[in-house]
Structure formats: structure tokens, C-alpha cells
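File shown here: final00.cif, holding mmCIF, C-alpha atoms.
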data_run
loop_
_atom_site.label_atom_id
_atom_site.label_comp_id
_atom_site.auth_asym_id
_atom_site.auth_seq_id
_atom_site.Cartn_x
_atom_site.Cartn_y
_atom_site.Cartn_z
CA MET A 1 -27.84 33.30 -114.31
CA LEU A 2 -31.42 33.41 -115.59
CA LYS A 3 -32.50 31.80 -118.81
CA THR A 4 -34.02 34.63 -120.84
CA GLN A 5 -36.95 33.42 -122.94
CA PHE A 6 -38.82 35.07 -125.79
CA PHE A 7 -42.59 35.46 -125.50
CA SER A 8 -44.77 35.94 -128.58
CA PRO A 9 -47.86 38.19 -128.47
CA GLU A 10 -49.84 34.96 -128.13
CA GLU A 11 -48.06 34.22 -124.84
CA ILE A 12 -49.21 37.33 -122.94
CA THR A 13 -50.65 35.25 -120.08
CA THR A 14 -47.31 33.58 -119.39
CA ALA A 15 -45.40 36.85 -119.66
CA ALA A 16 -47.83 38.55 -117.25
CA ALA A 17 -47.52 35.69 -114.75
CA THR A 18 -43.74 36.14 -114.89
CA LEU A 19 -44.14 39.84 -114.04
CA ARG A 20 -46.55 39.09 -111.19
CA ALA A 21 -43.94 36.68 -109.80
CA GLY A 22 -41.56 39.63 -109.43
CA GLU A 23 -39.39 38.94 -112.48
CA LEU A 24 -38.39 41.27 -115.31
CA VAL A 25 -39.91 41.06 -118.79
CA ALA A 26 -38.90 43.46 -121.56
CA PHE A 27 -41.81 44.73 -123.63
CA PRO A 28 -42.25 46.52 -126.97
CA THR A 29 -43.68 49.99 -127.48
CA GLU A 30 -43.98 52.15 -130.59
CA THR A 31 -40.78 53.98 -129.55
CA VAL A 32 -38.22 51.55 -128.07
CA TYR A 33 -38.34 48.36 -125.97
CA GLY A 34 -38.87 48.90 -122.23
CA LEU A 35 -37.62 46.80 -119.33
CA GLY A 36 -40.77 45.87 -117.44
CA ALA A 37 -41.34 45.21 -113.75
CA ASP A 38 -44.41 45.48 -111.52
CA ALA A 39 -44.32 49.16 -110.51
CA THR A 40 -45.97 48.30 -107.17
CA ASN A 41 -43.34 45.68 -106.25
CA GLU A 42 -40.25 47.45 -104.86
CA ALA A 43 -38.09 44.32 -104.93
CA ALA A 44 -38.91 43.80 -108.61
CA VAL A 45 -38.20 47.44 -109.44
CA LYS A 46 -34.78 47.19 -107.76
CA LYS A 47 -33.95 44.37 -110.17
CA VAL A 48 -34.40 46.82 -113.05
CA TYR A 49 -31.60 49.04 -111.77
CA GLN A 50 -29.40 46.01 -111.20
CA ALA A 51 -30.01 44.47 -114.64
CA LYS A 52 -29.35 47.75 -116.45
CA GLY A 53 -26.56 49.05 -114.23
CA ARG A 54 -28.74 52.17 -113.89
CA PRO A 55 -27.99 54.94 -111.35
CA SER A 56 -30.51 54.77 -108.50
CA ASP A 57 -31.39 58.49 -108.70
CA ASN A 58 -32.67 58.14 -112.27
CA PRO A 59 -36.48 57.93 -112.00
CA LEU A 60 -38.51 55.40 -113.96
CA ILE A 61 -41.43 55.94 -116.33
CA VAL A 62 -44.61 54.14 -115.29
CA HIS A 63 -46.55 52.53 -118.15
CA VAL A 64 -50.34 52.31 -117.92
CA ASN A 65 -53.19 51.17 -120.17
CA SER A 66 -55.85 53.68 -119.12
CA VAL A 67 -56.36 57.11 -117.61
CA ALA A 68 -58.18 55.33 -114.77
CA MET A 69 -54.91 53.61 -113.86
CA VAL A 70 -53.19 57.00 -113.63
CA GLU A 71 -55.99 58.22 -111.34
CA GLN A 72 -55.06 55.52 -108.82
CA TYR A 73 -51.67 57.15 -108.25
CA ALA A 74 -51.81 60.81 -109.32
CA ALA A 75 -52.63 63.42 -106.68
CA GLU A 76 -54.53 65.27 -109.37
CA ILE A 77 -54.79 65.34 -113.14
CA PRO A 78 -54.87 68.95 -114.35
CA ALA A 79 -57.22 69.93 -117.16
CA ALA A 80 -54.27 70.37 -119.52
CA ALA A 81 -53.13 66.82 -118.80
CA ARG A 82 -56.59 65.42 -119.54
CA GLN A 83 -56.68 67.33 -122.83
CA LEU A 84 -53.30 65.90 -123.85
CA MET A 85 -54.25 62.39 -122.76
CA ALA A 86 -57.40 62.58 -124.88
CA HIS A 87 -55.39 63.84 -127.85
CA PHE A 88 -52.17 61.82 -127.72
CA TRP A 89 -52.83 58.66 -125.68
CA PRO A 90 -52.11 55.96 -126.49
CA GLY A 91 -48.98 57.42 -128.00
CA SER A 92 -45.46 58.78 -127.60
CA LEU A 93 -46.13 61.36 -124.90
CA THR A 94 -45.08 60.87 -121.27
CA ILE A 95 -46.65 63.19 -118.69
CA ILE A 96 -45.12 63.99 -115.28
CA LEU A 97 -47.67 64.49 -112.50
CA LYS A 98 -47.61 64.87 -108.73
CA ILE A 99 -48.56 61.62 -107.01
CA LYS A 100 -50.38 60.72 -103.80
CA PRO A 101 -48.01 60.21 -100.84
CA GLY A 102 -46.76 56.66 -100.45
CA VAL A 103 -48.50 55.10 -103.45
CA LEU A 104 -45.24 54.23 -105.20
CA SER A 105 -41.83 53.54 -103.70
CA LYS A 106 -38.88 55.92 -103.88
CA THR A 107 -37.20 53.27 -106.01
CA VAL A 108 -39.68 54.18 -108.75
CA THR A 109 -39.73 57.94 -108.20
CA GLY A 110 -36.03 58.50 -107.52
CA GLY A 111 -37.16 60.07 -104.23
CA LEU A 112 -39.30 62.70 -105.94
CA SER A 113 -42.99 63.46 -105.33
CA THR A 114 -43.74 63.11 -109.04
CA VAL A 115 -43.99 60.26 -111.54
CA ALA A 116 -43.83 60.16 -115.33
CA PHE A 117 -46.83 58.28 -116.79
CA ARG A 118 -46.98 56.82 -120.29
CA TYR A 119 -49.76 55.04 -122.21
CA PRO A 120 -47.90 53.32 -125.07
CA ASP A 121 -49.40 52.72 -128.50
CA CYS A 122 -48.64 49.00 -128.66
CA ALA A 123 -51.45 46.45 -128.41
CA PRO A 124 -49.38 43.52 -126.99
CA THR A 125 -47.99 45.69 -124.18
CA LEU A 126 -51.38 47.14 -123.32
CA ALA A 127 -52.68 43.57 -123.12
CA LEU A 128 -49.68 42.67 -120.93
CA ILE A 129 -50.48 45.48 -118.48
CA ASN A 130 -54.12 44.44 -118.45
CA GLU A 131 -53.26 40.80 -117.76
CA ALA A 132 -50.69 41.69 -115.08
CA GLY A 133 -53.22 44.00 -113.45
CA VAL A 134 -50.58 46.56 -112.46
CA PRO A 135 -48.69 49.43 -114.08
CA LEU A 136 -45.20 48.59 -115.30
CA VAL A 137 -42.00 50.56 -114.91
CA GLY A 138 -40.25 50.58 -118.24
CA PRO A 139 -36.90 52.27 -118.81
CA SER A 140 -35.25 51.33 -122.09
CA ALA A 141 -34.32 47.65 -122.05
CA ASN A 142 -30.59 48.07 -122.55
CA THR A 143 -27.39 48.33 -120.58
CA SER A 144 -27.41 51.84 -119.09
CA GLY A 145 -25.67 54.34 -121.35
CA LYS A 146 -25.88 52.20 -124.50
CA PRO A 147 -28.11 52.91 -127.53
CA SER A 148 -31.74 52.12 -126.79
CA PRO A 149 -33.14 48.84 -128.18
CA THR A 150 -35.53 48.90 -131.12
CA THR A 151 -35.72 45.11 -131.57
CA ALA A 152 -36.04 42.15 -129.22
CA GLN A 153 -32.62 41.01 -130.42
CA HIS A 154 -31.08 44.28 -129.18
CA VAL A 155 -32.58 43.57 -125.76
CA TYR A 156 -31.25 40.01 -125.75
CA HIS A 157 -27.77 41.22 -126.70
CA ASP A 158 -27.60 43.48 -123.63
CA LEU A 159 -29.68 41.65 -121.03
CA ALA A 160 -29.59 37.91 -121.78
CA GLY A 161 -29.16 36.04 -118.50
CA LYS A 162 -30.18 39.11 -116.48
CA ILE A 163 -33.94 39.14 -117.13
CA ALA A 164 -36.61 36.46 -117.31
CA GLY A 165 -38.12 37.24 -120.68
CA ILE A 166 -38.72 39.46 -123.70
CA LEU A 167 -42.10 40.05 -125.33
CA ASP A 168 -41.16 40.13 -129.02
CA ASN A 169 -43.32 42.26 -131.31
CA GLY A 170 -40.71 42.91 -134.00
CA PRO A 171 -39.01 46.27 -134.69
CA THR A 172 -40.46 49.39 -133.11
CA ARG A 173 -42.09 52.04 -135.33
CA VAL A 174 -40.75 55.38 -134.05
CA GLY A 175 -37.24 54.54 -132.89
CA VAL A 176 -36.62 57.32 -130.33
CA GLU A 177 -38.07 57.51 -126.83
CA SER A 178 -41.26 59.36 -125.98
CA THR A 179 -41.57 63.09 -125.38
CA VAL A 180 -41.52 63.83 -121.64
CA LEU A 181 -43.68 66.76 -120.58
CA ASP A 182 -43.62 68.05 -116.99
CA LEU A 183 -47.11 69.11 -115.87
CA SER A 184 -46.28 69.06 -112.15
CA THR A 185 -45.24 72.73 -112.28
CA ALA A 186 -47.15 75.91 -113.13
CA GLN A 187 -45.46 76.20 -116.54
CA PRO A 188 -45.49 73.03 -118.68
CA VAL A 189 -41.98 72.10 -119.80
CA ILE A 190 -40.66 69.50 -122.26
CA LEU A 191 -37.84 67.72 -120.43
CA ARG A 192 -37.08 65.29 -123.26
CA PRO A 193 -38.09 65.84 -126.90
CA GLY A 194 -39.69 63.02 -128.86
CA ALA A 195 -42.03 62.31 -131.76
CA VAL A 196 -44.80 64.42 -130.19
CA THR A 197 -43.33 67.85 -130.85
CA GLN A 198 -43.58 71.17 -129.02
CA ALA A 199 -45.83 72.44 -131.82
CA ASP A 200 -48.09 69.39 -131.48
CA ILE A 201 -48.53 70.00 -127.76
CA GLU A 202 -48.98 73.77 -128.08
CA ALA A 203 -51.77 73.19 -130.62
CA VAL A 204 -53.71 71.51 -127.79
CA ILE A 205 -52.86 73.42 -124.59
CA GLY A 206 -51.09 76.59 -125.68
CA SER A 207 -47.58 77.85 -124.91
CA ILE A 208 -45.07 75.54 -123.24
CA GLU A 209 -41.33 75.71 -122.62
CA LEU A 210 -38.42 73.56 -123.75
CA ASN A 211 -36.03 72.60 -120.95
CA HIS A 212 -32.48 73.94 -121.18
CA HIS A 213 -31.54 73.22 -117.55
CA GLN A 214 -28.32 71.29 -116.97
CA VAL A 215 -28.84 68.79 -114.15
CA LYS A 216 -26.11 69.13 -111.49
CA GLN A 217 -24.17 66.19 -110.08
CA ASP A 218 -26.04 66.29 -106.75
CA GLU A 219 -29.46 66.92 -108.35
CA ILE A 220 -32.10 64.27 -109.01
CA PRO A 221 -33.36 64.45 -112.62
CA LYS A 222 -37.16 64.55 -113.08
CA ALA A 223 -37.02 62.47 -116.26
CA PRO A 224 -34.72 59.90 -117.88
CA GLY A 225 -31.95 61.08 -120.17
CA MET A 226 -31.32 64.41 -118.41
CA LYS A 227 -28.20 63.69 -116.34
CA TYR A 228 -26.18 60.68 -117.41
CA LYS A 229 -24.37 59.68 -120.60
CA HIS A 230 -26.73 57.94 -122.99
CA TYR A 231 -27.02 56.19 -126.34
CA ALA A 232 -23.29 55.63 -126.80
CA PRO A 233 -21.84 52.72 -128.82
CA ASN A 234 -18.30 51.48 -128.24
CA ALA A 235 -16.86 53.69 -131.01
CA GLN A 236 -16.63 57.47 -130.78
CA VAL A 237 -19.51 59.15 -132.59
CA TYR A 238 -19.10 62.42 -134.48
CA MET A 239 -22.00 64.47 -135.83
CA VAL A 240 -21.69 65.73 -139.41
CA ARG A 241 -23.38 69.12 -139.71
CA PRO A 242 -26.44 69.46 -141.98
CA ASP A 243 -24.56 71.92 -144.24
CA ALA A 244 -21.39 69.82 -144.46
CA ASP A 245 -19.53 69.34 -147.76
CA TRP A 246 -19.74 65.57 -148.08
CA GLN A 247 -17.09 65.52 -150.79
CA GLN A 248 -14.64 66.82 -148.20
CA VAL A 249 -15.90 64.14 -145.81
CA LYS A 250 -15.24 61.56 -148.53
CA GLN A 251 -11.71 62.91 -149.00
CA TRP A 252 -11.08 62.61 -145.26
CA LEU A 253 -12.43 59.04 -145.22
CA GLN A 254 -10.09 58.05 -148.04
CA GLU A 255 -7.12 59.30 -146.03
CA GLN A 256 -7.90 57.15 -142.97
CA ALA A 257 -5.89 54.00 -142.36
CA ALA A 258 -8.63 52.42 -140.27
CA SER A 259 -12.22 51.83 -141.35
CA VAL A 260 -14.76 54.43 -140.28
CA GLY A 261 -18.50 53.82 -139.90
CA VAL A 262 -20.78 56.21 -141.78
CA MET A 263 -24.49 56.69 -141.08
CA ALA A 264 -26.31 58.90 -143.57
CA THR A 265 -29.34 59.09 -145.84
CA ASP A 266 -29.39 57.16 -149.10
CA SER A 267 -28.76 60.31 -151.18
CA ILE A 268 -25.61 61.12 -149.18
CA LEU A 269 -24.33 57.55 -149.33
CA GLN A 270 -24.82 57.57 -153.11
CA GLN A 271 -22.77 60.78 -153.30
CA LEU A 272 -19.95 59.23 -151.28
CA GLN A 273 -19.67 56.03 -153.36
CA LEU A 274 -17.48 54.53 -150.67
CA PRO A 275 -15.42 51.39 -151.35
CA ALA A 276 -16.58 48.15 -149.79
CA THR A 277 -13.96 48.41 -147.04
CA ASP A 278 -15.85 51.28 -145.46
CA LEU A 279 -18.90 50.30 -143.44
CA THR A 280 -22.04 52.29 -144.08
CA PHE A 281 -25.53 52.29 -142.58
CA SER A 282 -28.51 53.83 -144.33
CA LEU A 283 -30.64 56.34 -142.42
CA GLY A 284 -33.25 56.15 -145.16
CA THR A 285 -34.65 59.22 -146.88
CA ASP A 286 -35.28 61.88 -144.24
CA VAL A 287 -35.32 62.72 -140.53
CA THR A 288 -38.30 60.42 -139.89
CA THR A 289 -36.51 57.35 -141.17
CA ALA A 290 -33.27 58.55 -139.59
CA ALA A 291 -34.90 58.72 -136.15
CA HIS A 292 -36.34 55.25 -136.68
CA ARG A 293 -32.94 53.78 -137.63
CA LEU A 294 -30.52 55.76 -135.44
CA PHE A 295 -30.17 53.34 -132.53
CA ASP A 296 -30.10 50.29 -134.81
CA GLY A 297 -27.23 51.82 -136.76
CA LEU A 298 -25.20 52.71 -133.67
CA ARG A 299 -25.67 49.16 -132.39
CA THR A 300 -24.71 47.67 -135.76
CA PHE A 301 -21.23 49.14 -135.51
CA ASP A 302 -20.74 47.56 -132.08
CA HIS A 303 -20.48 44.25 -133.95
CA HIS A 304 -17.41 45.56 -135.80
CA PRO A 305 -14.64 45.98 -133.18
CA THR A 306 -12.27 47.51 -135.77
CA ILE A 307 -14.56 50.52 -136.09
CA LYS A 308 -13.34 53.19 -133.68
CA GLN A 309 -15.11 56.20 -135.21
CA ILE A 310 -18.64 56.68 -136.56
CA LEU A 311 -19.75 59.69 -138.59
CA VAL A 312 -23.50 60.36 -138.36
CA GLN A 313 -25.49 62.81 -140.44
CA ALA A 314 -27.07 65.59 -138.42
CA PHE A 315 -30.40 67.27 -139.20
CA PRO A 316 -31.84 70.68 -138.30
CA ALA A 317 -33.15 70.55 -134.73
CA THR A 318 -36.78 71.31 -135.55
CA GLY A 319 -39.86 69.07 -135.29
CA LEU A 320 -38.79 65.44 -135.02
CA GLY A 321 -35.25 66.64 -135.76
CA LEU A 322 -35.12 68.04 -132.22
CA ALA A 323 -35.59 64.54 -130.76
CA TYR A 324 -33.17 63.01 -133.27
CA MET A 325 -30.47 65.59 -132.50
CA ASN A 326 -31.06 65.28 -128.74
CA ARG A 327 -30.19 61.57 -128.92
CA LEU A 328 -27.37 61.98 -131.45
CA ASN A 329 -25.77 64.81 -129.48
CA LYS A 330 -25.73 62.70 -126.32
CA SER A 331 -24.35 59.72 -128.23
CA ALA A 332 -21.55 61.89 -129.62
CA GLY A 333 -20.86 63.67 -126.36
CA GLY A 334 -21.49 66.91 -128.23
CA GLN A 335 -18.63 66.32 -130.69
CA TYR A 336 -18.92 67.37 -134.34
CA PHE A 337 -16.80 66.03 -137.18
CA LYS A 338 -13.98 68.37 -138.25
CA TYR A 339 -12.14 68.04 -141.55
#
Take the structure in this file and express it as C-alpha cells.
Amino acid sequence: MLKTQFFSPEEITTAAATLRAGELVAFPTETVYGLGADATNEAAVKKVYQAKGRPSDNPLIVHVNSVAMVEQYAAEIPAAARQLMAHFWPGSLTIILKIKPGVLSKTVTGGLSTVAFRYPDCAPTLALINEAGVPLVGPSANTSGKPSPTTAQHVYHDLAGKIAGILDNGPTRVGVESTVLDLSTAQPVILRPGAVTQADIEAVIGSIELNHHQVKQDEIPKAPGMKYKHYAPNAQVYMVRPDADWQQVKQWLQEQAASVGVMATDSILQQLQLPATDLTFSLGTDVTTAAHRLFDGLRTFDHHPTIKQILVQAFPATGLGLAYMNRLNKSAGGQYFKY
């Protein structure tokens, strides 16, 4: 078993040397923590799948610190991609492009001829890529299927003893993974919603589509989060509809013999006035704070083994709410609270 060490932003050189040696180092981004390996080292990339327990047909996002680094691997960068890179990079937008034959292993691509590129908005990680001198694969640094990590401590909880190190830059800012936009096809398509919204993208390049395709069992997904169960804590999650009568929810909670976790905004929690025996987690004031806190809240209830059910406030699926509801729906397995 490896000894997993924490690196501070002042220890970038050591963290980069660890990556160059073929080991795994988790790194921060503005969205969630990623599990880093040298994207050009197939043996190192295979360790990512092993550490996470990740299905081998689930492709990995490649993190870069410049458009020039993308140019080393992409077969071409369409004009629309360059416009979006200029507008949103560094930032929470991942762009799928066709790549040159043989430049990256099938372990990275999932056997596809495309790769998802991301230029994160996080100075320590950009410095890490620069010092390592290679792009880094970076799926979320968690056990596959569990809520994504938004702190270094979340990473350590899941992967201690399985990876060499964690670059600790404190809590992430956004809290949900990047938007994934497929530009390898004639019609641009959002495969995974994130903080960069459909409206944001359309303001730059015009009309795009939102993916509604259900990935089949024998089909390779083009982006993470499209095929397998994700973001699930140990307890069963239920979504509480935006128009729900929270007084009826409170009545239901009072009738339960076992404690139930509740995740909602401060105004809802104040309405509920739950007794101390019921565990609550604040989602803040609105969908922005809710997206930032969602994964942290789901993970918090994993520390309470008596909690078997978690009720989570839903929001309208517009703007950032689309990304929030995408993650919450997967966490809940599509199940809504019924009273």
C-alpha cells in the first residue's frame, strides 16, 4: 500500500516529479479534484482505472495549460473551438476534438478517435502541468460512482493508500464538473452540462444541441458521466421537487422512526425547524451555492451510517440548474420524494 502524501502549492516541483515517475497525484481545479497521471504514459494511466475502480471503456479528460499543448494532439482545431477556447479557457469548459492517430493510447481515449481537452482555471494545477511537461488525465479523484471530491480530504477518504499524493489547494469554487462539448461532429453537442451553460456557448458560436442520447450497454461513451452510475452516497437519495410543500415534507419526517438527512437552502431549513435528531446540510441561498455544496453534503452523510435516506432540494433545470439537476438526478437514480 502506498503512503499518500499531501503537497502544498509550494511543493509543485516534488508533485510534478512524482507524476513524471509514473505515479498518481490528485490535483485541484475550480470544479472538482482530478486524479492526475501523465497522459502520455500508458502504464500510469492504467493505474487511474485501478485506483478508482473505473470501467475501462470510460474515456478520460486530458488537462492542458495552453492551446499549443492541444495542438500537439488534435488532428485539427475548428474555428468554433478556437473561439470558445479564447472565450472560456482557462475555465469550466471541456472540448472534445478528433486527435492525430496514435498520439494517445486507447487507455486514455477508451478506444475512440477523439479526446476531451480541458484547460482548468486553477493556478497550482497549471503550474503542475507546466512543471511535469506533459498533459494530465484527470477524472474525478474519487472511488468510481461516489460523489465527486471538492476538497483534498474527500480525495484522501476515497484514495488513501492507492495514490502517491494530493496537491491541496483547499475547497474548489464551482463544485460540479465541467461542461463537456463535443466539437468532433458537424453539430456541436453538450454531452455533460456544467457551469458554462448552453446559453453561454451559443452567445459565442451560435446554436448547439443538448445531448439526450442514452448510452447502450455495449456502447463506448464519448464523455464521462454518460453511462455508469455516478455521484451516489451510501444512503438512498430522493429529489424533492422545486414546487414541493415543505410542510408536508416536515410532517413526513416527523413520522419516520429513523433519522433522515435533509439537504436544502437556508430558507427551507428555517421553515422546517427540524429537531436536533434530524441531520441537515445547508445548500446555501440559491442554485449557485447548492451546486458548490452538493457533493460535500452527499459525502457528509456517508459519515453517519444510521442515515439510510437523504432528501435533497431540486431546482429548475435551467442555467446552472441544469448541471445541478444532472448530478442530483444521477445520484438519486431518478427517484423523487413522495409523501
Residues selected by the PyMOL selection byres ((chain A and resi 326) around 12), written as number ranges by chain: A: 176-177, 179, 191-195, 211-212, 225-226, 229-231, 239, 291, 294, 314-325, 327-334
Extract, using all atoms listed in the file, all DNA, RNA and protein residues at most 12 Å from Ala17 (chain A), discarding same-chain residues fewer than 5 positions from it, and format them as an mmCIF file with C-alpha atoms, in the frame of the given file.
data_model
loop_
_atom_site.group_PDB
_atom_site.id
_atom_site.type_symbol
_atom_site.label_atom_id
_atom_site.label_comp_id
_atom_site.auth_asym_id
_atom_site.auth_seq_id
_atom_site.Cartn_x
_atom_site.Cartn_y
_atom_site.Cartn_z
ATOM 1 C CA PHE A 7 -42.590 35.460 -125.500
ATOM 2 C CA GLU A 11 -48.060 34.220 -124.840
ATOM 3 C CA ILE A 12 -49.210 37.330 -122.940
ATOM 4 C CA GLY A 22 -41.560 39.630 -109.430
ATOM 5 C CA GLU A 23 -39.390 38.940 -112.480
ATOM 6 C CA LEU A 24 -38.390 41.270 -115.310
ATOM 7 C CA VAL A 25 -39.910 41.060 -118.790
ATOM 8 C CA ALA A 37 -41.340 45.210 -113.750
ATOM 9 C CA ASP A 38 -44.410 45.480 -111.520
ATOM 10 C CA LEU A 128 -49.680 42.670 -120.930
ATOM 11 C CA ILE A 129 -50.480 45.480 -118.480
ATOM 12 C CA ASN A 130 -54.120 44.440 -118.450
ATOM 13 C CA GLU A 131 -53.260 40.800 -117.760
ATOM 14 C CA ALA A 132 -50.690 41.690 -115.080
ATOM 15 C CA GLY A 133 -53.220 44.000 -113.450
ATOM 16 C CA VAL A 134 -50.580 46.560 -112.460
ATOM 17 C CA ALA A 164 -36.610 36.460 -117.310
ATOM 18 C CA GLY A 165 -38.120 37.240 -120.680
#
Within 8 Å of region 257-270 of chain A using only C-alpha atoms, minus same-chain residues under 4 positions, as a ChimeraX atom specification: /A:246,253,274,277-286,290,297,301,306-313
Residues selected by the PyMOL selection byres ((chain A and resi 27-34) around 10), written as a PyMOL selection string: chain A and resi 7+15+24-26+35-37+61+63+90-92+119-126+128+136-142+148-152+154-155+165-178+194-195+292+295
Selection dump of the PyMOL selection byres ((chain A and resi 245) around 12), as JSON, numbers by chain: {"A": [240, 241, 242, 243, 244, 246, 247, 248, 249, 250, 251, 252, 268, 271, 272, 313, 337, 338, 339]}
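Residue nearest Asp200 (chain A), chosen from A:Glu255, A:Leu84, A:Arg118, A:Thr300 and counting all atoms listed in the file: A:Leu84.
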Shell of 8 Å around Ala51 (chain A), all atoms listed in the file, local chain residues under 2 positions omitted, as a list of chain:residue names: A:Lys47, A:Val48, A:Tyr49, A:Gly53, A:Arg54, A:Thr143, A:Leu159, A:Lys162, A:Ile163
Given the selection you just returned, output its residues as a file containing C-alpha atoms, formatted as a CSV table (one decimal), in the frame of the given file.
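What landed in result-v1.csv:
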chain,number,residue,atom,x,y,z
A,47,LYS,CA,-34.0,44.4,-110.2
A,48,VAL,CA,-34.4,46.8,-113.0
A,49,TYR,CA,-31.6,49.0,-111.8
A,53,GLY,CA,-26.6,49.0,-114.2
A,54,ARG,CA,-28.7,52.2,-113.9
A,143,THR,CA,-27.4,48.3,-120.6
A,159,LEU,CA,-29.7,41.6,-121.0
A,162,LYS,CA,-30.2,39.1,-116.5
A,163,ILE,CA,-33.9,39.1,-117.1
Polymer residues at most 10 Å from Leu97 (chain A), all atoms listed in the file, same-chain spacing of 6 or more positions, as a PyMOL selection string: chain A and resi 70+73-78+81+113-117+181-185
Between CA of Asp296 (chain A) and CA of Ile95 (chain A) - distance in Å to one decimal: 26.5 Å
Where's the centre, and what are the edge lengths in Å to one decimal, of a box along x, y and z enclosing all listed atoms of region 34-51 of chain A padded 8 Å per side, as JSON?
{"center_x": -37.7, "center_y": 46.5, "center_z": -113.5, "size_x": 32.6, "size_y": 21.4, "size_z": 33.4}
Point (-43.7, 71.4, -126.9), cut-off 8 Å, counting only C-alpha atoms, residues as a PyMOL selection string: chain A and resi 181+189-190+193+196-202+207-210
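Minimum atom-to-atom distances from A:Pro101, A:Ala160, A:Gly145, A:Leu112 to Leu2 (chain A) were compared using all atoms listed in the file, and the lowest value belongs to A:Ala160.
The gap separating CA of His157 (chain A) from CA of Gln335 (chain A) is 27.0 Å, in Å to one decimal.
For the pair CA of Thr4 (chain A) and CA of Gly161 (chain A), the interatomic distance is 5.6 Å.
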From A:Gln254, A:Gln236, A:Thr109, A:Gln187, residue lying nearest Asn58 (chain A) [all atoms listed in the file]: A:Thr109
